[in-house]
$ cat entry-v3.cif   # mmCIF, C-alpha atoms
data_protein
loop_
_atom_site.group_PDB
_atom_site.id
_atom_site.type_symbol
_atom_site.label_atom_id
_atom_site.label_comp_id
_atom_site.auth_asym_id
_atom_site.auth_seq_id
_atom_site.Cartn_x
_atom_site.Cartn_y
_atom_site.Cartn_z
ATOM 1 C CA MET A 216 -82.421 -2.404 42.757
ATOM 2 C CA PRO A 217 -82.413 1.231 41.513
ATOM 3 C CA PRO A 218 -81.107 3.545 44.284
ATOM 4 C CA HIS A 219 -83.982 6.003 43.737
ATOM 5 C CA ASN A 220 -86.246 3.584 45.595
ATOM 6 C CA LEU A 221 -84.358 4.180 48.864
ATOM 7 C CA ILE A 222 -82.377 7.416 48.592
ATOM 8 C CA PRO A 223 -85.262 9.975 48.596
ATOM 9 C CA ILE A 224 -86.388 8.897 52.078
ATOM 10 C CA LEU A 225 -83.500 7.009 53.677
ATOM 11 C CA GLY A 226 -80.446 8.278 51.806
ATOM 12 C CA LYS A 227 -79.535 11.015 54.313
ATOM 13 C CA VAL A 228 -80.520 9.144 57.465
ATOM 14 C CA PRO A 229 -77.536 7.962 59.563
ATOM 15 C CA LEU A 230 -77.624 4.227 60.191
ATOM 16 C CA ASP A 231 -77.930 4.648 63.953
ATOM 17 C CA LEU A 232 -80.970 6.912 63.507
ATOM 18 C CA LEU A 233 -82.828 4.571 61.167
ATOM 19 C CA THR A 234 -86.133 3.470 62.701
ATOM 20 C CA PRO A 235 -88.896 1.013 61.797
ATOM 21 C CA ALA A 236 -91.193 4.009 61.195
ATOM 22 C CA LEU A 237 -88.831 5.391 58.538
ATOM 23 C CA VAL A 238 -88.606 2.010 56.834
ATOM 24 C CA GLN A 239 -92.403 1.769 56.829
ATOM 25 C CA GLU A 240 -92.632 5.317 55.428
ATOM 26 C CA MET A 241 -90.267 4.381 52.611
ATOM 27 C CA MET A 242 -92.336 1.304 51.741
ATOM 28 C CA ASN A 243 -95.619 3.247 51.837
ATOM 29 C CA ASN A 244 -94.049 5.888 49.588
ATOM 30 C CA ARG A 245 -92.982 3.304 47.009
ATOM 31 C CA LEU A 246 -96.429 1.691 46.999
ATOM 32 C CA ALA A 247 -98.049 5.093 46.548
ATOM 33 C CA ALA A 248 -95.656 5.742 43.652
ATOM 34 C CA GLY A 249 -97.163 2.779 41.829
ATOM 35 C CA LEU A 250 -94.688 -0.015 42.572
ATOM 36 C CA SER A 251 -96.198 -3.454 42.987
ATOM 37 C CA GLY A 252 -96.273 -5.260 46.302
ATOM 38 C CA LYS A 253 -93.734 -7.712 44.908
ATOM 39 C CA SER A 254 -91.303 -4.912 43.983
ATOM 40 C CA VAL A 255 -91.629 -3.248 47.397
ATOM 41 C CA ALA A 256 -91.161 -6.612 49.106
ATOM 42 C CA TYR A 257 -87.948 -7.020 47.126
ATOM 43 C CA ILE A 258 -86.760 -3.537 48.213
ATOM 44 C CA HIS A 259 -87.533 -4.488 51.829
ATOM 45 C CA GLN A 260 -85.555 -7.721 51.466
ATOM 46 C CA VAL A 261 -82.513 -5.913 50.039
ATOM 47 C CA LEU A 262 -82.578 -3.378 52.880
ATOM 48 C CA ARG A 263 -83.020 -6.128 55.451
ATOM 49 C CA THR A 264 -80.037 -8.039 54.032
ATOM 50 C CA ALA A 265 -77.872 -4.900 54.051
ATOM 51 C CA LEU A 266 -78.772 -4.125 57.658
ATOM 52 C CA THR A 267 -78.029 -7.708 58.674
ATOM 53 C CA LEU A 268 -74.512 -7.143 57.402
ATOM 54 C CA ALA A 269 -74.359 -3.793 59.224
ATOM 55 C CA VAL A 270 -75.268 -5.548 62.495
ATOM 56 C CA ARG A 271 -72.565 -8.143 61.868
ATOM 57 C CA TRP A 272 -70.021 -5.350 61.380
ATOM 58 C CA ASP A 273 -71.203 -3.547 64.565
ATOM 59 C CA LEU A 274 -72.343 -0.511 62.581
ATOM 60 C CA VAL A 275 -75.825 -0.741 64.136
ATOM 61 C CA SER A 276 -77.197 -2.542 67.167
ATOM 62 C CA ARG A 277 -80.360 -3.905 65.525
ATOM 63 C CA ASN A 278 -81.892 -4.596 62.137
ATOM 64 C CA VAL A 279 -84.923 -2.304 62.058
ATOM 65 C CA ALA A 280 -86.097 -3.736 58.731
ATOM 66 C CA ARG A 281 -86.840 -7.012 60.522
ATOM 67 C CA LEU A 282 -89.363 -5.150 62.670
ATOM 68 C CA VAL A 283 -91.413 -4.089 59.646
ATOM 69 C CA ASP A 284 -93.608 -6.564 57.798
ATOM 70 C CA ARG A 285 -93.143 -6.624 54.045
ATOM 71 C CA PRO A 286 -96.241 -5.893 51.948
ATOM 72 C CA ARG A 287 -98.537 -8.712 51.039
ATOM 73 C CA ILE A 288 -97.859 -10.106 47.591
ATOM 74 C CA GLU A 289 -101.023 -10.857 45.676
ATOM 75 C CA ARG A 290 -100.497 -13.885 43.479
ATOM 76 C CA LYS A 291 -101.920 -13.655 40.002
ATOM 77 C CA SER A 292 -104.288 -16.427 39.086
ATOM 78 C CA ILE A 293 -102.802 -18.942 36.712
ATOM 79 C CA SER A 294 -104.519 -20.454 33.716
ATOM 80 C CA PRO A 295 -102.625 -23.552 32.550
ATOM 81 C CA LEU A 296 -103.536 -25.427 29.403
ATOM 82 C CA THR A 297 -105.300 -28.736 29.813
ATOM 83 C CA PRO A 298 -103.639 -31.773 28.198
ATOM 84 C CA GLU A 299 -106.157 -31.571 25.338
ATOM 85 C CA GLU A 300 -105.505 -27.853 24.831
ATOM 86 C CA ALA A 301 -101.750 -28.393 24.937
ATOM 87 C CA ARG A 302 -101.913 -31.036 22.210
ATOM 88 C CA LYS A 303 -104.262 -28.866 20.147
ATOM 89 C CA PHE A 304 -101.923 -25.874 20.483
ATOM 90 C CA LEU A 305 -98.842 -27.838 19.447
ATOM 91 C CA ALA A 306 -100.682 -29.205 16.417
ATOM 92 C CA ALA A 307 -101.889 -25.728 15.431
ATOM 93 C CA ILE A 308 -98.422 -24.134 15.496
ATOM 94 C CA ARG A 309 -96.728 -26.756 13.293
ATOM 95 C CA GLY A 310 -94.623 -24.851 10.789
ATOM 96 C CA HIS A 311 -94.940 -21.528 12.652
ATOM 97 C CA ARG A 312 -91.673 -19.579 12.783
ATOM 98 C CA LEU A 313 -91.850 -19.524 16.607
ATOM 99 C CA GLU A 314 -93.039 -23.111 16.946
ATOM 100 C CA ALA A 315 -89.837 -24.176 18.692
ATOM 101 C CA LEU A 316 -89.993 -21.242 21.112
ATOM 102 C CA PHE A 317 -93.589 -21.951 22.112
ATOM 103 C CA SER A 318 -92.855 -25.680 22.378
ATOM 104 C CA VAL A 319 -89.803 -25.149 24.593
ATOM 105 C CA ALA A 320 -91.749 -22.836 26.900
ATOM 106 C CA LEU A 321 -94.526 -25.411 27.235
ATOM 107 C CA ALA A 322 -92.473 -28.592 27.523
ATOM 108 C CA LEU A 323 -89.621 -27.260 29.674
ATOM 109 C CA GLY A 324 -91.304 -24.428 31.574
ATOM 110 C CA LEU A 325 -88.801 -21.730 30.637
ATOM 111 C CA ARG A 326 -89.538 -18.138 31.518
ATOM 112 C CA GLN A 327 -89.849 -15.865 28.498
ATOM 113 C CA GLY A 328 -86.549 -14.125 29.242
ATOM 114 C CA GLU A 329 -84.813 -17.492 29.661
ATOM 115 C CA ALA A 330 -86.138 -18.757 26.331
ATOM 116 C CA LEU A 331 -85.208 -15.576 24.461
ATOM 117 C CA GLY A 332 -81.753 -15.660 26.083
ATOM 118 C CA LEU A 333 -80.959 -19.197 24.914
ATOM 119 C CA GLN A 334 -77.854 -19.501 22.756
ATOM 120 C CA TRP A 335 -76.977 -22.352 20.460
ATOM 121 C CA GLU A 336 -74.007 -23.178 22.653
ATOM 122 C CA ASP A 337 -76.553 -23.974 25.388
ATOM 123 C CA VAL A 338 -78.143 -26.710 23.265
ATOM 124 C CA ASP A 339 -76.527 -30.150 23.164
ATOM 125 C CA PHE A 340 -78.300 -32.175 20.493
ATOM 126 C CA THR A 341 -76.141 -35.253 21.139
ATOM 127 C CA ALA A 342 -76.931 -35.421 24.848
ATOM 128 C CA GLY A 343 -80.450 -34.097 24.319
ATOM 129 C CA THR A 344 -79.989 -31.379 26.929
ATOM 130 C CA LEU A 345 -80.581 -27.653 27.126
ATOM 131 C CA ARG A 346 -78.729 -25.355 29.518
ATOM 132 C CA VAL A 347 -80.358 -22.250 31.006
ATOM 133 C CA SER A 348 -77.448 -19.878 31.617
ATOM 134 C CA HIS A 349 -78.792 -16.446 30.616
ATOM 135 C CA GLN A 350 -81.978 -14.452 30.294
ATOM 136 C CA LEU A 351 -82.750 -11.598 27.941
ATOM 137 C CA GLN A 352 -83.785 -8.353 29.629
ATOM 138 C CA ARG A 353 -84.199 -4.748 28.596
ATOM 139 C CA ILE A 354 -81.689 -2.647 30.507
ATOM 140 C CA GLY A 355 -81.340 1.045 29.767
ATOM 141 C CA GLY A 356 -83.483 0.626 26.675
ATOM 142 C CA LYS A 357 -81.241 -2.119 25.255
ATOM 143 C CA LEU A 358 -81.898 -5.862 25.122
ATOM 144 C CA THR A 359 -79.097 -7.473 27.111
ATOM 145 C CA LEU A 360 -78.133 -10.978 28.212
ATOM 146 C CA VAL A 361 -77.908 -11.173 32.004
ATOM 147 C CA ALA A 362 -77.481 -13.910 34.580
ATOM 148 C CA PRO A 363 -80.571 -15.919 35.605
ATOM 149 C CA LYS A 364 -82.710 -14.747 38.522
ATOM 150 C CA THR A 365 -81.103 -17.106 41.062
ATOM 151 C CA ASP A 366 -78.498 -19.853 41.239
ATOM 152 C CA ARG A 367 -81.346 -22.368 41.030
ATOM 153 C CA SER A 368 -82.494 -20.743 37.801
ATOM 154 C CA ARG A 369 -79.188 -21.748 36.198
ATOM 155 C CA ARG A 370 -79.986 -25.340 35.278
ATOM 156 C CA THR A 371 -79.559 -28.070 32.665
ATOM 157 C CA LEU A 372 -82.716 -29.770 31.394
ATOM 158 C CA VAL A 373 -83.241 -33.004 29.509
ATOM 159 C CA MET A 374 -85.321 -32.325 26.383
ATOM 160 C CA PRO A 375 -88.180 -34.559 25.228
ATOM 161 C CA PRO A 376 -87.347 -35.973 21.779
ATOM 162 C CA MET A 377 -90.031 -33.814 20.139
ATOM 163 C CA ILE A 378 -88.300 -30.680 21.450
ATOM 164 C CA VAL A 379 -84.998 -31.868 20.007
ATOM 165 C CA ASP A 380 -86.730 -32.289 16.639
ATOM 166 C CA ARG A 381 -88.364 -28.842 16.824
ATOM 167 C CA LEU A 382 -85.047 -27.190 17.635
ATOM 168 C CA ARG A 383 -83.305 -28.947 14.747
ATOM 169 C CA GLU A 384 -86.035 -27.702 12.412
ATOM 170 C CA HIS A 385 -85.682 -24.214 13.868
ATOM 171 C CA GLU A 386 -81.920 -24.335 13.335
ATOM 172 C CA SER A 387 -82.442 -25.144 9.652
ATOM 173 C CA ARG A 388 -84.954 -22.293 9.353
ATOM 174 C CA GLN A 389 -82.457 -19.905 10.933
ATOM 175 C CA VAL A 390 -79.778 -20.927 8.422
ATOM 176 C CA GLY A 391 -82.162 -19.870 5.666
ATOM 177 C CA GLU A 392 -82.776 -16.538 7.381
ATOM 178 C CA ARG A 393 -79.040 -15.977 7.689
ATOM 179 C CA LEU A 394 -78.578 -16.559 3.962
ATOM 180 C CA TRP A 395 -81.492 -14.247 3.175
ATOM 181 C CA ALA A 396 -80.078 -11.458 5.399
ATOM 182 C CA GLY A 397 -76.589 -11.759 3.904
ATOM 183 C CA PRO A 398 -74.191 -9.062 5.177
ATOM 184 C CA ASN A 399 -76.971 -7.542 7.282
ATOM 185 C CA TRP A 400 -77.079 -10.603 9.526
ATOM 186 C CA GLN A 401 -76.307 -9.853 13.194
ATOM 187 C CA GLU A 402 -74.521 -12.856 14.672
ATOM 188 C CA SER A 403 -75.710 -13.076 18.273
ATOM 189 C CA GLY A 404 -75.700 -16.834 18.731
ATOM 190 C CA LEU A 405 -79.281 -16.618 19.969
ATOM 191 C CA VAL A 406 -81.549 -19.574 19.329
ATOM 192 C CA PHE A 407 -84.666 -17.426 19.102
ATOM 193 C CA GLY A 408 -83.244 -14.285 17.542
ATOM 194 C CA ASN A 409 -85.216 -12.102 15.141
ATOM 195 C CA ARG A 410 -85.084 -12.482 11.348
ATOM 196 C CA GLY A 411 -81.898 -10.425 11.291
ATOM 197 C CA GLY A 412 -80.149 -12.506 13.959
ATOM 198 C CA GLY A 413 -80.464 -9.981 16.776
ATOM 199 C CA PRO A 414 -82.444 -10.193 20.030
ATOM 200 C CA THR A 415 -86.197 -10.656 19.752
ATOM 201 C CA GLN A 416 -88.565 -8.137 21.303
ATOM 202 C CA ALA A 417 -90.684 -9.759 24.031
ATOM 203 C CA ARG A 418 -93.811 -7.914 22.898
ATOM 204 C CA ARG A 419 -93.433 -9.379 19.398
ATOM 205 C CA VAL A 420 -93.411 -12.864 20.883
ATOM 206 C CA ILE A 421 -96.529 -12.124 22.931
ATOM 207 C CA GLU A 422 -98.321 -10.729 19.877
ATOM 208 C CA GLN A 423 -97.515 -13.871 17.867
ATOM 209 C CA PHE A 424 -98.464 -16.111 20.785
ATOM 210 C CA HIS A 425 -101.905 -14.567 21.213
ATOM 211 C CA LYS A 426 -102.464 -14.674 17.472
ATOM 212 C CA ALA A 427 -101.574 -18.384 17.429
ATOM 213 C CA LEU A 428 -103.973 -19.068 20.300
ATOM 214 C CA ALA A 429 -106.794 -17.327 18.460
ATOM 215 C CA GLU A 430 -106.128 -19.214 15.241
ATOM 216 C CA ALA A 431 -106.082 -22.494 17.184
ATOM 217 C CA GLY A 432 -109.406 -21.646 18.820
ATOM 218 C CA ILE A 433 -107.905 -21.767 22.312
ATOM 219 C CA ARG A 434 -108.901 -19.383 25.092
ATOM 220 C CA HIS A 435 -106.719 -16.358 25.830
ATOM 221 C CA ILE A 436 -103.890 -17.010 28.299
ATOM 222 C CA ARG A 437 -100.620 -15.268 29.114
ATOM 223 C CA PHE A 438 -97.326 -16.450 27.644
ATOM 224 C CA HIS A 439 -96.178 -17.145 31.223
ATOM 225 C CA ASP A 440 -99.066 -19.607 31.532
ATOM 226 C CA LEU A 441 -97.072 -21.948 29.277
ATOM 227 C CA ARG A 442 -94.651 -22.281 32.197
ATOM 228 C CA HIS A 443 -97.562 -22.946 34.546
ATOM 229 C CA SER A 444 -98.915 -25.473 32.046
ATOM 230 C CA CYS A 445 -95.599 -27.342 32.092
ATOM 231 C CA ALA A 446 -95.617 -27.624 35.874
ATOM 232 C CA THR A 447 -99.268 -28.615 36.084
ATOM 233 C CA LEU A 448 -99.011 -31.265 33.381
ATOM 234 C CA LEU A 449 -95.970 -32.796 35.069
ATOM 235 C CA LEU A 450 -97.561 -32.845 38.522
ATOM 236 C CA VAL A 451 -100.830 -34.430 37.403
ATOM 237 C CA GLN A 452 -98.820 -37.178 35.706
ATOM 238 C CA GLY A 453 -97.264 -38.048 39.042
ATOM 239 C CA VAL A 454 -93.856 -36.450 38.511
ATOM 240 C CA SER A 455 -92.243 -35.715 41.876
ATOM 241 C CA PRO A 456 -92.677 -32.096 43.054
ATOM 242 C CA ARG A 457 -88.930 -32.103 43.755
ATOM 243 C CA VAL A 458 -88.245 -32.859 40.092
ATOM 244 C CA VAL A 459 -90.738 -30.202 38.981
ATOM 245 C CA MET A 460 -88.986 -27.723 41.268
ATOM 246 C CA GLU A 461 -85.652 -28.485 39.575
ATOM 247 C CA ILE A 462 -87.137 -28.171 36.096
ATOM 248 C CA LEU A 463 -88.698 -24.788 36.854
ATOM 249 C CA GLY A 464 -85.636 -23.511 38.684
ATOM 250 C CA HIS A 465 -87.524 -22.714 41.887
ATOM 251 C CA SER A 466 -85.400 -22.046 44.971
ATOM 252 C CA GLU A 467 -87.657 -23.965 47.366
ATOM 253 C CA ILE A 468 -90.094 -26.832 47.001
ATOM 254 C CA ALA A 469 -92.605 -24.858 49.088
ATOM 255 C CA LEU A 470 -92.661 -22.246 46.338
ATOM 256 C CA THR A 471 -93.533 -24.937 43.800
ATOM 257 C CA MET A 472 -96.313 -26.469 45.858
ATOM 258 C CA ASN A 473 -97.784 -23.097 46.873
ATOM 259 C CA ALA A 474 -97.845 -21.949 43.258
ATOM 260 C CA TYR A 475 -99.564 -25.138 42.095
ATOM 261 C CA SER A 476 -101.751 -25.896 45.076
ATOM 262 C CA HIS A 477 -104.696 -26.236 42.673
ATOM 263 C CA VAL A 478 -103.413 -29.671 41.633
ATOM 264 C CA VAL A 479 -102.887 -30.918 45.205
ATOM 265 C CA PRO A 480 -106.400 -32.455 45.488
ATOM 266 C CA GLU A 481 -105.807 -34.425 42.303
ATOM 267 C CA LEU A 482 -102.404 -35.556 43.576
ATOM 268 C CA GLN A 483 -103.984 -36.654 46.845
ATOM 269 C CA ARG A 484 -106.652 -38.565 44.935
ATOM 270 C CA GLU A 485 -103.972 -40.319 42.903
ATOM 271 C CA ALA A 486 -102.065 -41.129 46.104
ATOM 272 C CA ALA A 487 -105.229 -42.599 47.623
ATOM 273 C CA ASN A 488 -105.816 -44.729 44.521
ATOM 274 C CA ARG A 489 -102.260 -46.034 44.662
ATOM 275 C CA MET A 490 -102.602 -46.843 48.345
ATOM 276 C CA GLN A 491 -105.855 -48.684 47.594
ATOM 277 C CA ALA A 492 -104.119 -50.677 44.865
ATOM 278 C CA ILE A 493 -101.347 -51.708 47.224
ATOM 279 C CA LEU A 494 -103.650 -52.708 50.062
ATOM 280 C CA GLU A 495 -105.939 -54.705 47.797
ATOM 281 C CA ARG A 496 -103.166 -57.001 46.638
#

$ encode --input "entry-v3.cif" --output "structure tokens"
Amino acid sequence: MPPHNLIPILGKVPLDLLTPALVQEMMNNRLAAGLSGKSVAYIHQVLRTALTLAVRWDLVSRNVARLVDRPRIERKSISPLTPEEARKFLAAIRGHRLEALFSVALALGLRQGEALGLQWEDVDFTAGTLRVSHQLQRIGGKLTLVAPKTDRSRRTLVMPPMIVDRLREHESRQVGERLWAGPNWQESGLVFGNRGGGPTQARRVIEQFHKALAEAGIRHIRFHDLRHSCATLLLVQGVSPRVVMEILGHSEIALTMNAYSHVVPELQREAANRMQAILER
């Protein structure tokens, strides 16, 4: 968390003089400065964690951040692809340079940064697995590989056979690009690098994604909705929410079910049908 989010208001306040009112003032200031509720909630959590440690070390008698409610986080509506749309999209992008990237995001639910941070050493074609161990982020104006968001985000996923095939095709395409670039090739080891081998700009991916949607005649959705599509398609097929949680790299199963509560009625209907089938026998 950048220190400028806390220092202007709380930086000169002694720990024993820190009050809930000052913490609330800091949060209001950050919201007024244009930060999202999610970002301010994160700042509040970091401060609360730090003060918990201060209490443990007897530096303060109470954690004043616990007395201040974090801002409400408004969840963005999600727009997952239907099974028909998903099949139509995959058919439309056959042969596209980013086909494998779009397919991985849809079938495995990777975040954009996770997909762009994949390295070939993370892909095991023999075992049919893919390891999420980095994400690509812009830090200080430079695209950099960093650790995943949480420990849960670091995960190993089993790939559907079609994803294995798409990645093999992508690997062959990348070999051709390396030969074309010659001495100008930048060896980064990235699976979804640019045509010169270096990191791919996220905005370029989004531009190509929206263009592919339009050409396929599919409604406009966000790239992140591919991740939501993965989760929704798995849940409606009866895959355990616990397994979906592991695939997505969520820290808690409640997070998974809250995010995809729109499929709960269908899951309940399927559960009722299965109970009916059992009782009728």

$ resolve_selection --input "entry-v3.cif" --expression "the PyMOL selection byres ((chain A and resi 343) around 12)" --output "number ranges by chain"
A: 337-342, 344-346, 371-380, 382-383

$ resolve_selection --input "entry-v3.cif" --expression "the PyMOL selection byres ((chain A and resi 463) around 9)" --output "list in words"
Leu323, Gly324, Leu325, Arg326, Arg367, Ser368, Arg370, Arg442, Cys445, Ala446, Val458, Val459, Met460, Glu461, Ile462, Gly464, His465 and Thr471 of chain A

$ atom_distance --input "entry-v3.cif" --atom1 "CA of Val347 (chain A)" --atom2 "CA of Leu405 (chain A)"
12.4 Å

$ atom_distance --input "entry-v3.cif" --atom1 "CA of Ser294 (chain A)" --atom2 "CA of Asp440 (chain A)"
5.9 Å

$ atom_distance --input "entry-v3.cif" --atom1 "CA of Leu428 (chain A)" --atom2 "CA of Ser292 (chain A)"
19.0 Å
